[in-house]
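J.: See query.txt below, with compact mmCIF, C-alpha atoms and all ligand atoms.
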```txt
# COMPACT_ATOMS: atom_id res chain seq x y z
CA MET A 9 -17.86 2.34 -12.08
CA GLU A 10 -14.16 2.69 -12.93
CA LYS A 11 -12.40 -0.47 -14.05
CA ILE A 12 -8.67 -1.22 -14.26
CA ARG A 13 -7.19 -4.54 -15.32
CA VAL A 14 -3.99 -5.84 -13.82
CA GLU A 15 -2.46 -7.81 -16.70
CA LEU A 16 -0.71 -10.88 -15.37
CA GLY A 17 -1.65 -13.63 -17.82
CA GLU A 18 -3.82 -16.26 -16.17
CA ARG A 19 -3.47 -14.37 -12.86
CA SER A 20 -4.96 -11.14 -14.29
CA TYR A 21 -7.69 -9.42 -12.31
CA GLU A 22 -9.79 -6.30 -12.13
CA ILE A 23 -9.81 -3.35 -9.78
CA LEU A 24 -13.32 -1.91 -9.59
CA ILE A 25 -13.78 1.56 -8.09
CA ASP A 26 -17.13 3.10 -7.23
CA SER A 27 -19.09 4.65 -4.41
CA ASP A 28 -21.77 2.85 -2.40
CA ASN A 29 -20.92 -0.56 -3.88
CA LEU A 30 -20.38 -2.71 -0.77
CA SER A 31 -23.88 -4.15 -1.03
CA SER A 32 -23.29 -5.50 -4.53
CA VAL A 33 -20.05 -7.41 -4.01
CA GLY A 34 -21.94 -10.71 -3.55
CA GLU A 35 -23.60 -10.39 -6.95
CA ARG A 36 -20.19 -9.75 -8.58
CA LEU A 37 -18.70 -12.84 -6.99
CA LEU A 38 -21.24 -15.06 -8.75
CA ARG A 39 -19.07 -14.59 -11.86
CA PHE A 40 -16.07 -16.24 -10.22
CA PRO A 41 -15.31 -20.00 -10.24
CA ILE A 42 -15.40 -20.20 -6.44
CA GLY A 43 -17.26 -22.47 -4.04
CA LYS A 44 -20.00 -21.43 -1.63
CA LYS A 45 -17.84 -20.99 1.45
CA ILE A 46 -16.49 -17.48 2.01
CA ALA A 47 -14.78 -16.06 5.10
CA VAL A 48 -14.60 -12.32 5.56
CA VAL A 49 -11.43 -11.42 7.51
CA SER A 50 -11.56 -8.08 9.29
CA ASN A 51 -10.98 -6.32 12.60
CA PRO A 52 -13.59 -5.06 15.10
CA THR A 53 -13.22 -1.40 13.98
CA VAL A 54 -13.92 -2.05 10.31
CA ALA A 55 -16.36 -4.93 10.86
CA GLU A 56 -18.50 -2.69 13.05
CA LEU A 57 -18.67 -0.09 10.27
CA TYR A 58 -18.93 -2.21 7.11
CA GLY A 59 -19.06 -5.90 8.04
CA GLN A 60 -22.82 -6.30 7.98
CA ARG A 61 -23.18 -4.73 4.54
CA VAL A 62 -20.65 -7.12 3.03
CA LEU A 63 -22.00 -10.18 4.86
CA ASN A 64 -25.59 -9.41 3.83
CA SER A 65 -24.57 -8.93 0.22
CA LEU A 66 -22.91 -12.37 0.22
CA LYS A 67 -25.77 -14.09 2.06
CA LYS A 68 -28.26 -12.65 -0.44
CA GLU A 69 -26.48 -14.64 -3.17
CA ALA A 70 -26.59 -17.81 -1.03
CA PHE A 71 -22.91 -17.87 -0.12
CA ASP A 72 -22.11 -19.72 3.11
CA VAL A 73 -20.49 -16.83 4.96
CA SER A 74 -18.46 -16.48 8.13
CA LEU A 75 -16.62 -13.61 9.76
CA ILE A 76 -13.12 -14.01 11.20
CA LEU A 77 -11.88 -11.11 13.34
CA ILE A 78 -8.36 -10.31 14.44
CA PRO A 79 -7.54 -7.42 16.79
CA ASP A 80 -6.94 -4.01 15.25
CA GLY A 81 -3.29 -3.04 14.80
CA GLU A 82 0.00 -3.67 13.05
CA THR A 83 1.26 -5.83 15.96
CA TYR A 84 -1.38 -8.45 15.13
CA LYS A 85 -0.11 -8.84 11.56
CA ASP A 86 1.97 -11.78 12.65
CA TYR A 87 2.39 -15.51 12.23
CA PHE A 88 0.30 -16.33 15.29
CA TRP A 89 -2.81 -14.53 14.01
CA ALA A 90 -2.24 -16.00 10.55
CA TYR A 91 -2.18 -19.42 12.24
CA HIS A 92 -5.42 -18.52 14.06
CA ILE A 93 -7.13 -17.76 10.74
CA LEU A 94 -5.78 -20.98 9.20
CA THR A 95 -7.17 -22.95 12.17
CA LYS A 96 -10.62 -21.38 11.71
CA LEU A 97 -10.60 -22.32 8.02
CA LEU A 98 -9.74 -25.93 8.83
CA GLU A 99 -12.40 -26.08 11.54
CA MET A 100 -15.00 -24.73 9.10
CA GLY A 101 -14.06 -27.27 6.44
CA PHE A 102 -12.81 -24.80 3.83
CA ASP A 103 -11.63 -26.47 0.62
CA ARG A 104 -9.56 -25.36 -2.38
CA LYS A 105 -12.45 -23.47 -3.95
CA SER A 106 -13.39 -21.63 -0.77
CA CYS A 107 -12.61 -17.93 -0.79
CA LEU A 108 -11.37 -15.25 1.62
CA ILE A 109 -12.30 -11.58 1.63
CA ALA A 110 -9.97 -9.01 3.21
CA LEU A 111 -12.16 -6.22 4.57
CA GLY A 112 -9.97 -3.48 6.05
CA GLY A 113 -6.71 -1.60 5.64
CA GLY A 114 -3.28 -2.86 4.64
CA VAL A 115 -2.86 -4.92 7.80
CA ILE A 116 -5.95 -7.00 7.09
CA GLY A 117 -5.13 -7.16 3.36
CA ASP A 118 -1.58 -8.38 3.94
CA ILE A 119 -2.41 -11.09 6.49
CA THR A 120 -5.47 -12.32 4.55
CA GLY A 121 -3.46 -12.57 1.33
CA PHE A 122 -0.73 -14.40 3.24
CA VAL A 123 -3.19 -16.95 4.65
CA ALA A 124 -4.89 -17.35 1.25
CA SER A 125 -1.52 -18.17 -0.31
CA LEU A 126 -0.81 -20.88 2.29
CA TYR A 127 -4.14 -22.59 2.89
CA MET A 128 -4.15 -25.86 0.91
CA ARG A 129 -1.27 -24.36 -1.14
CA GLY A 130 -3.37 -21.41 -2.19
CA ILE A 131 -7.03 -20.40 -2.39
CA PRO A 132 -8.65 -17.33 -4.00
CA TYR A 133 -9.10 -14.08 -2.11
CA ILE A 134 -10.73 -10.73 -2.73
CA GLN A 135 -9.47 -7.38 -1.48
CA ILE A 136 -12.01 -4.85 -0.16
CA PRO A 137 -9.62 -2.12 1.01
CA THR A 138 -11.06 0.50 3.36
CA THR A 139 -8.11 2.87 3.92
CA LEU A 140 -6.77 5.20 1.23
CA LEU A 141 -3.35 3.57 1.57
CA ALA A 142 -4.83 0.14 0.94
CA GLN A 143 -6.99 1.39 -1.95
CA VAL A 144 -4.05 2.93 -3.81
CA ASP A 145 -1.26 0.57 -2.84
CA SER A 146 -1.41 -2.50 -0.63
CA SER A 147 -4.52 -4.17 -2.10
CA VAL A 148 -2.99 -4.22 -5.59
CA GLY A 149 0.02 -6.23 -6.68
CA GLY A 150 -0.11 -9.39 -4.61
CA LYS A 151 2.56 -8.72 -2.01
CA THR A 152 1.40 -10.46 1.15
CA ALA A 153 3.20 -10.50 4.47
CA VAL A 154 3.25 -10.88 8.22
CA ASN A 155 5.80 -9.32 10.54
CA HIS A 156 8.52 -11.14 12.51
CA SER A 157 9.84 -9.77 15.78
CA LEU A 158 13.16 -9.30 13.93
CA GLY A 159 11.71 -7.40 11.00
CA LYS A 160 8.59 -5.94 9.42
CA ASN A 161 7.05 -7.78 6.44
CA MET A 162 9.87 -10.33 6.56
CA ILE A 163 7.64 -13.38 6.09
CA GLY A 164 5.56 -13.21 2.95
CA THR A 165 4.55 -14.43 -0.47
CA PHE A 166 3.44 -13.12 -3.84
CA TRP A 167 -0.20 -14.14 -4.22
CA GLN A 168 -2.47 -12.06 -6.43
CA PRO A 169 -6.09 -11.38 -5.42
CA ALA A 170 -8.92 -12.44 -7.75
CA LEU A 171 -10.55 -9.01 -7.50
CA VAL A 172 -10.01 -5.63 -5.82
CA TRP A 173 -13.35 -4.04 -4.90
CA ILE A 174 -13.07 -0.38 -3.85
CA ASP A 175 -15.89 1.64 -2.28
CA VAL A 176 -14.68 5.23 -1.84
CA ASP A 177 -17.48 5.89 0.64
CA THR A 178 -15.56 3.84 3.20
CA LEU A 179 -13.10 6.73 3.35
CA ASP A 180 -15.82 8.88 4.99
CA THR A 181 -15.04 7.29 8.34
CA LEU A 182 -11.26 7.17 8.02
CA PRO A 183 -9.43 9.28 10.65
CA GLU A 184 -7.61 12.31 9.17
CA ARG A 185 -4.09 11.08 9.95
CA GLU A 186 -4.80 7.74 8.25
CA PHE A 187 -6.25 9.58 5.24
CA LEU A 188 -3.14 11.76 4.91
CA SER A 189 -0.92 8.72 5.25
CA GLY A 190 -2.62 7.41 2.09
CA VAL A 191 -2.22 10.77 0.35
CA ALA A 192 1.57 10.40 0.75
CA GLU A 193 1.41 7.20 -1.36
CA VAL A 194 -0.75 8.99 -3.95
CA ILE A 195 1.82 11.81 -4.28
CA LYS A 196 4.48 9.12 -4.64
CA TYR A 197 2.84 7.96 -7.92
CA GLY A 198 3.11 11.49 -9.32
CA VAL A 199 6.83 11.66 -8.56
CA ILE A 200 7.72 8.18 -9.78
CA TRP A 201 5.63 8.02 -12.94
CA ASP A 202 3.42 10.91 -13.96
CA ALA A 203 4.38 14.60 -13.86
CA GLU A 204 0.90 15.63 -15.02
CA PHE A 205 -0.69 13.75 -12.15
CA PHE A 206 1.76 15.46 -9.77
CA GLU A 207 0.58 18.81 -11.10
CA PHE A 208 -3.06 17.75 -10.67
CA LEU A 209 -2.31 16.95 -7.03
CA GLU A 210 -0.65 20.35 -6.57
CA LYS A 211 -3.65 22.15 -8.06
CA ASN A 212 -6.49 20.20 -6.44
CA ARG A 213 -5.31 20.03 -2.84
CA ASN A 214 -8.43 21.59 -1.29
CA LYS A 215 -10.83 19.26 -3.08
CA ILE A 216 -8.75 16.21 -2.20
CA LEU A 217 -8.37 17.22 1.43
CA SER A 218 -12.12 17.80 1.70
CA ARG A 219 -12.53 14.23 0.33
CA ASP A 220 -14.59 15.33 -2.66
CA LYS A 221 -15.83 12.03 -4.12
CA ASN A 222 -14.99 12.71 -7.77
CA SER A 223 -11.49 13.83 -6.88
CA LEU A 224 -11.02 10.74 -4.71
CA ILE A 225 -12.15 8.44 -7.50
CA LYS A 226 -9.79 10.20 -9.90
CA ILE A 227 -6.71 9.92 -7.67
CA ILE A 228 -7.45 6.32 -6.64
CA LYS A 229 -7.98 5.36 -10.28
CA ARG A 230 -4.75 6.98 -11.50
CA SER A 231 -2.76 5.50 -8.60
CA CYS A 232 -4.14 2.02 -9.32
CA GLU A 233 -3.44 2.43 -13.05
CA ILE A 234 0.19 3.26 -12.33
CA LYS A 235 0.61 0.47 -9.80
CA SER A 236 -1.03 -2.03 -12.21
CA GLU A 237 1.25 -0.98 -15.05
CA VAL A 238 4.35 -1.38 -12.89
CA VAL A 239 3.24 -4.73 -11.41
CA SER A 240 2.25 -6.08 -14.84
CA ARG A 241 5.74 -5.33 -16.14
CA ASP A 242 7.64 -6.60 -13.10
CA GLU A 243 5.52 -8.66 -10.72
CA ARG A 244 8.42 -10.05 -8.68
CA GLU A 245 10.40 -6.82 -8.32
CA SER A 246 13.39 -7.81 -10.37
CA ALA A 247 13.92 -4.14 -11.26
CA LEU A 248 11.11 -1.70 -12.20
CA ARG A 249 8.78 -2.50 -9.28
CA ALA A 250 11.43 -1.10 -6.94
CA ILE A 251 10.28 2.41 -7.95
CA LEU A 252 7.22 1.82 -5.75
CA ASN A 253 9.67 1.93 -2.85
CA TYR A 254 10.59 5.58 -3.42
CA GLY A 255 11.01 7.20 0.00
CA HIS A 256 10.96 3.81 1.69
CA SER A 257 14.73 3.39 2.29
CA VAL A 258 14.81 6.41 4.58
CA GLY A 259 11.12 6.03 5.56
CA HIS A 260 11.57 2.45 6.81
CA ALA A 261 14.66 3.53 8.73
CA ILE A 262 12.58 6.20 10.50
CA GLU A 263 9.82 3.67 11.27
CA THR A 264 12.31 1.15 12.65
CA LEU A 265 14.25 3.66 14.75
CA THR A 266 11.09 5.17 16.23
CA GLY A 267 9.66 1.74 17.05
CA TYR A 268 6.69 1.97 14.65
CA THR A 269 4.80 4.07 17.18
CA SER A 270 5.52 7.73 16.36
CA TYR A 271 4.85 7.76 12.63
CA LEU A 272 2.26 6.15 10.39
CA HIS A 273 3.77 4.50 7.31
CA GLY A 274 2.73 7.34 4.95
CA GLU A 275 4.13 9.95 7.34
CA ALA A 276 7.50 8.21 7.53
CA ILE A 277 7.77 7.82 3.76
CA SER A 278 6.73 11.45 3.29
CA ILE A 279 9.90 12.43 5.18
CA GLY A 280 11.78 9.71 3.29
CA MET A 281 10.64 11.02 -0.11
CA VAL A 282 11.73 14.56 0.77
CA TYR A 283 15.23 13.45 1.90
CA GLU A 284 15.67 11.08 -1.04
CA ALA A 285 14.68 13.96 -3.37
CA LYS A 286 17.21 16.17 -1.60
CA LEU A 287 19.87 13.52 -2.13
CA SER A 288 18.96 13.40 -5.82
CA HIS A 289 19.30 17.19 -6.05
CA MET A 290 22.68 17.08 -4.29
CA LEU A 291 23.83 14.40 -6.73
CA GLY A 292 22.93 16.70 -9.63
CA PHE A 293 19.77 15.00 -10.88
CA LEU A 294 16.67 16.84 -9.58
CA THR A 295 16.78 20.58 -10.18
CA LYS A 296 16.47 22.86 -7.16
CA GLU A 297 13.02 23.89 -8.42
CA GLU A 298 11.77 20.30 -8.69
CA PHE A 299 13.15 19.39 -5.28
CA GLU A 300 11.34 22.41 -3.82
CA ARG A 301 8.08 21.35 -5.54
CA ILE A 302 8.36 17.90 -3.94
CA ARG A 303 9.11 19.33 -0.50
CA LYS A 304 6.28 21.86 -0.83
CA ILE A 305 3.58 19.42 -1.90
CA PHE A 306 4.10 17.20 1.16
CA LYS A 307 4.22 20.22 3.44
CA GLU A 308 1.07 21.73 1.97
CA TYR A 309 -0.86 18.49 2.35
CA GLY A 310 0.04 18.60 6.04
CA LEU A 311 2.49 15.71 5.94
CA PRO A 312 5.75 15.74 7.94
CA ILE A 313 8.87 16.65 5.94
CA ASN A 314 11.61 16.98 8.57
CA MET A 315 13.81 14.29 10.04
CA PRO A 316 12.87 13.70 13.70
CA ALA A 317 15.39 15.63 15.81
CA ILE A 318 16.07 12.60 18.02
CA LEU A 319 17.54 10.63 15.10
CA GLU A 320 21.24 10.81 14.22
CA SER A 321 22.26 10.46 10.58
CA SER A 322 24.61 7.61 11.56
CA ASP A 323 21.65 5.63 12.97
CA ILE A 324 19.59 6.31 9.84
CA ILE A 325 22.45 5.03 7.69
CA LYS A 326 22.84 1.88 9.80
CA ALA A 327 19.12 1.20 9.36
CA VAL A 328 19.19 1.99 5.62
CA LEU A 329 22.03 -0.53 5.26
CA LEU A 330 19.52 -3.25 6.23
CA ASP A 331 17.15 -2.37 3.36
CA LYS A 332 16.14 -5.26 1.08
CA LYS A 333 17.17 -3.30 -2.05
CA ASN A 334 20.86 -3.18 -1.05
CA LEU A 335 23.38 -5.52 -2.63
CA GLN A 336 26.73 -6.69 -1.22
CA GLY A 337 26.65 -4.18 1.62
CA LYS A 338 26.17 -1.21 -0.76
CA ILE A 339 23.19 1.11 -0.38
CA ARG A 340 20.92 1.01 -3.40
CA MET A 341 18.01 3.36 -3.72
CA VAL A 342 15.42 4.50 -6.17
CA ILE A 343 15.73 8.25 -6.54
CA PRO A 344 13.85 10.71 -8.75
CA GLU A 345 15.79 11.88 -11.79
CA LYS A 346 13.02 14.38 -12.45
CA ILE A 347 9.35 14.48 -11.49
CA GLY A 348 7.78 11.51 -13.33
CA LYS A 349 11.02 9.57 -13.90
CA MET A 350 13.11 7.45 -11.53
CA LYS A 351 16.62 6.07 -11.36
CA ILE A 352 16.41 2.43 -10.30
CA ASN A 353 18.92 0.62 -8.07
CA PHE A 354 21.15 3.66 -7.86
CA GLU A 355 24.22 3.01 -5.71
CA VAL A 356 24.49 5.64 -3.01
CA ASN A 357 27.61 6.40 -1.05
CA GLU A 358 27.10 6.54 2.75
CA ASN A 359 28.73 9.99 2.95
CA GLU A 360 26.39 11.40 0.31
CA LEU A 361 23.38 10.15 2.23
CA LYS A 362 24.82 11.53 5.47
CA ARG A 363 25.28 14.93 3.84
CA ALA A 364 21.66 14.92 2.58
CA ILE A 365 20.41 14.16 6.10
CA ASP A 366 22.70 16.53 8.00
CA ASP A 367 22.73 19.45 5.60
P1 LIG A 401 -4.25 -0.34 8.90
O1 LIG A 401 -4.66 -1.51 8.13
O2 LIG A 401 -3.65 -0.55 10.24
O3 LIG A 401 -5.48 0.66 9.03
C1 LIG A 401 -5.31 1.86 9.75
C2 LIG A 401 -6.39 2.05 10.81
O4 LIG A 401 -7.60 2.47 10.17
C3 LIG A 401 -6.74 0.80 11.58
O5 LIG A 401 -6.98 1.13 12.92
C4 LIG A 401 -8.03 0.32 10.92
O6 LIG A 401 -8.85 -0.45 11.77
C5 LIG A 401 -8.69 1.64 10.59
N1 LIG A 401 -9.61 1.62 9.46
C6 LIG A 401 -9.50 0.94 8.31
N2 LIG A 401 -10.46 1.32 7.45
C7 LIG A 401 -11.22 2.23 8.11
C8 LIG A 401 -12.34 3.00 7.75
N3 LIG A 401 -12.85 2.93 6.52
N4 LIG A 401 -12.88 3.83 8.67
C9 LIG A 401 -12.32 3.95 9.91
N5 LIG A 401 -11.23 3.28 10.29
C10 LIG A 401 -10.69 2.44 9.40
O7 LIG A 401 -3.17 0.55 8.08
P2 LIG A 401 -2.96 0.83 6.54
O8 LIG A 401 -2.25 2.12 6.48
O9 LIG A 401 -4.19 0.66 5.76
O10 LIG A 401 -1.97 -0.32 6.09
C11 LIG A 401 -0.67 -0.43 6.62
C12 LIG A 401 -0.18 -1.83 6.35
O11 LIG A 401 -0.12 -2.03 4.94
C13 LIG A 401 1.21 -2.11 6.88
O12 LIG A 401 1.20 -3.36 7.51
C14 LIG A 401 2.08 -2.17 5.63
O13 LIG A 401 3.19 -3.02 5.79
C15 LIG A 401 1.11 -2.69 4.62
N6 LIG A 401 1.43 -2.35 3.23
C16 LIG A 401 1.45 -3.35 2.33
C17 LIG A 401 1.73 -3.09 1.00
C18 LIG A 401 1.68 -4.20 -0.01
O14 LIG A 401 2.04 -3.98 -1.16
N7 LIG A 401 1.23 -5.38 0.37
C19 LIG A 401 1.97 -1.79 0.58
C20 LIG A 401 1.95 -0.76 1.53
C21 LIG A 401 1.67 -1.06 2.86
N1 LIG A 402 4.16 -1.30 -2.02
C1 LIG A 402 5.26 -1.71 -2.80
C2 LIG A 402 4.94 -2.78 -3.78
O1 LIG A 402 3.82 -3.21 -3.88
O2 LIG A 402 5.81 -3.23 -4.47
```
Would it be possible to restate this file's structure as structure tokens?

T.:
Amino acid sequence: MEKIRVELGERSYEILIDSDNLSSVGERLLRFPIGKKIAVVSNPTVAELYGQRVLNSLKKEAFDVSLILIPDGETYKDYFWAYHILTKLLEMGFDRKSCLIALGGGVIGDITGFVASLYMRGIPYIQIPTTLLAQVDSSVGGKTAVNHSLGKNMIGTFWQPALVWIDVDTLDTLPEREFLSGVAEVIKYGVIWDAEFFEFLEKNRNKILSRDKNSLIKIIKRSCEIKSEVVSRDERESALRAILNYGHSVGHAIETLTGYTSYLHGEAISIGMVYEAKLSHMLGFLTKEEFERIRKIFKEYGLPINMPAILESSDIIKAVLLDKKNLQGKIRMVIPEKIGKMKINFEVNENELKRAIDD
């Protein structure tokens, strides 16, 4: 079993990575100062595949377990379904020591963390992420959220989980597009933090794409190590944590303008990372060779790298102007200075961005 500690003082926790470990999560939870009541929050797709294993493991250790399902999909990550979960917890008499388990991808993780942060002003929760994206990104770091009709992830809290429990075997059933969407986030860690890891990803593409277990454990572990290091240094995103948003300024704009239906998150940020790298090259930071390496790695992993033809650069810029990182109407981005090193809160001129998109 691989173990990573997220150092956050009294809110520190472990990320445990293994294969075939869903049936032992109950035993692990006996170490935590939690009560007997546990609710597993999931959706029908994931519950059908892995719910029983997790529920049985908890029942075996005499936890009083219930399953709360919400429909599958990003559109259900909203206040109304959060309210539904809160109602169930009240009906079942959950108290401050009761615990939630998020069993699923980033949607389930985000809404479960959000509810855990609100119920009785905050109860413990465990992340059992089952998509690659959730295993390397959303389950770690304590950002919780639901969507508002006026904006994605606009209602949220920082609430750290008590444990992140990763079973790589759950990736066996993940559809290919969802898997690749997670790979985009993995490549992101190479660009923002670790040039050697980037090179490993370049050299081991076939093994990773064939979901070789050892390679998966290695890339999940390194991604979680990097995310933990960043979150430990800047939990509330006052500066450094913004590097995790590489590719997201342009990526979010693409998601918004295409109505969140054409591109998965990882696909949109793959395009975003390529264009933000291009911008960096045009500004004289990334060398031509490094920009080409970034473009090539996304292409070779089968991720999209081109701006959708239907989008105008002026629309992209309007959408980027709404990004949370901006200050006083000025676009601020995180852009790679070289592979493994980022420039944080870099002020970008609208014309420069336009040129990078149109060129
Ligand atoms: P998702 O949760 O919608 O999961 C994708 C699909 O895969 C769903 O249909 C799900 O039911 C299915 N699925 C999940 N695990 C499966 C498995 N093992 N086998 C088969 N199918 C499986 O999407 P996602 O990409 O995991 O997460 C996206 C969400 O994460 C977005 O809401 C995004 O805002 C959020 N996010 C949050 C953070 C954060 O720091 N909190 C970071 C990145 C993304
Ligand atoms: N996914 C971005 C962050 O956790 O900060």

J.: Calculated over only C-alpha atoms, which of the candidates A:Asp28, A:Phe88, A:Asn334, A:Leu77 has the smallest distance to A:Lys221?

T.: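 Ranked by minimum distance to A:Lys221, first place goes to A:Asp28.
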
J.: Could you give me, as a tab-separated table, a per-residue list for chain A showing, wherever an atom lies at most 6 Å from an atom of ligand LIG 401 (chain A), the closest pair of atoms and their distance in Å to one decimal, using only C-alpha atoms and all ligand atoms and sorting by chain then residue number from low to high?

T.:
```
residue	atom	partner	partner_atom	distance
A:Thr53	CA	A:LIG401	O6	5.0
A:Val54	CA	A:LIG401	O6	5.5
A:Asp80	CA	A:LIG401	O6	5.3
A:Gly81	CA	A:LIG401	O2	5.2
A:Glu82	CA	A:LIG401	O2	5.6
A:Gly112	CA	A:LIG401	C6	5.0
A:Gly113	CA	A:LIG401	O1	3.2
A:Gly114	CA	A:LIG401	O10	3.2
A:Val115	CA	A:LIG401	O1	3.9
A:Ile116	CA	A:LIG401	O1	5.7
A:Asp118	CA	A:LIG401	N7	5.4
A:Thr138	CA	A:LIG401	N2	4.2
A:Thr139	CA	A:LIG401	N2	4.5
A:Leu141	CA	A:LIG401	O9	5.2
A:Ala142	CA	A:LIG401	O9	4.9
A:Asp145	CA	A:LIG401	C19	5.3
A:Ser146	CA	A:LIG401	C18	3.6
A:Lys151	CA	A:LIG401	N7	4.3
A:Thr152	CA	A:LIG401	N7	5.1
A:Thr178	CA	A:LIG401	N3	4.4
A:Leu179	CA	A:LIG401	N3	5.0
A:Thr181	CA	A:LIG401	N4	4.1
A:Leu182	CA	A:LIG401	N4	3.8
```

J.: List the neighbours of A:Val73 out to 12 Å using only C-alpha atoms; skip same-chain residues closer than 3 positions along the sequence, and give me the result as a list in words.

T.: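 Final neighbour list, sorted by chain and number: Gly34, Gly43, Lys44, Lys45, Ile46, Ala47, Val48, Val49, Gly59, Gln60, Val62, Leu63, Asn64, Ser65, Leu66, Lys67, Lys68, Glu69, Ala70, Ile76, Leu97, Met100, Phe102, Ser106, Cys107, Leu108 and Ile109 of chain A.
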
J.: At a cut-off of 9 Å around ligand LIG 402 (chain A), and using all atoms listed in the file, what residues come up? Please write them as a list in words.

T.: Asp145, Ser146, Ser147, Val148, Gly149, Gly150, Lys151, Glu193, Lys235, Val238, Val239, Glu243, Arg244, Glu245, Arg249, Ala250, Ile251, Leu252 and Asn253 of chain A

J.: Can you tell me, as a PDB file with C-alpha atoms, in the coordinates of the input, what residues are no more than 7 Å from stretch 278-282 of chain A when counting all atoms listed in the file, ignoring any on the same chain fewer than 2 positions away?

T.:
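File out26.pdb, as written:
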```pdb
ATOM      1  CA  ALA A 192       1.570  10.400   0.750  1.00  0.00           C
ATOM      2  CA  TYR A 254      10.590   5.580  -3.420  1.00  0.00           C
ATOM      3  CA  GLY A 255      11.010   7.200   0.000  1.00  0.00           C
ATOM      4  CA  HIS A 256      10.960   3.810   1.690  1.00  0.00           C
ATOM      5  CA  VAL A 258      14.810   6.410   4.580  1.00  0.00           C
ATOM      6  CA  GLY A 259      11.120   6.030   5.560  1.00  0.00           C
ATOM      7  CA  GLY A 274       2.730   7.340   4.950  1.00  0.00           C
ATOM      8  CA  GLU A 275       4.130   9.950   7.340  1.00  0.00           C
ATOM      9  CA  ALA A 276       7.500   8.210   7.530  1.00  0.00           C
ATOM     10  CA  GLU A 284      15.670  11.080  -1.040  1.00  0.00           C
ATOM     11  CA  ALA A 285      14.680  13.960  -3.370  1.00  0.00           C
ATOM     12  CA  LYS A 286      17.210  16.170  -1.600  1.00  0.00           C
ATOM     13  CA  ILE A 302       8.360  17.900  -3.940  1.00  0.00           C
ATOM     14  CA  ARG A 303       9.110  19.330  -0.500  1.00  0.00           C
ATOM     15  CA  PHE A 306       4.100  17.200   1.160  1.00  0.00           C
ATOM     16  CA  LEU A 311       2.490  15.710   5.940  1.00  0.00           C
ATOM     17  CA  PRO A 312       5.750  15.740   7.940  1.00  0.00           C
ATOM     18  CA  ILE A 313       8.870  16.650   5.940  1.00  0.00           C
ATOM     19  CA  ASN A 314      11.610  16.980   8.570  1.00  0.00           C
ATOM     20  CA  MET A 315      13.810  14.290  10.040  1.00  0.00           C
TER      21      MET A 315
END
```
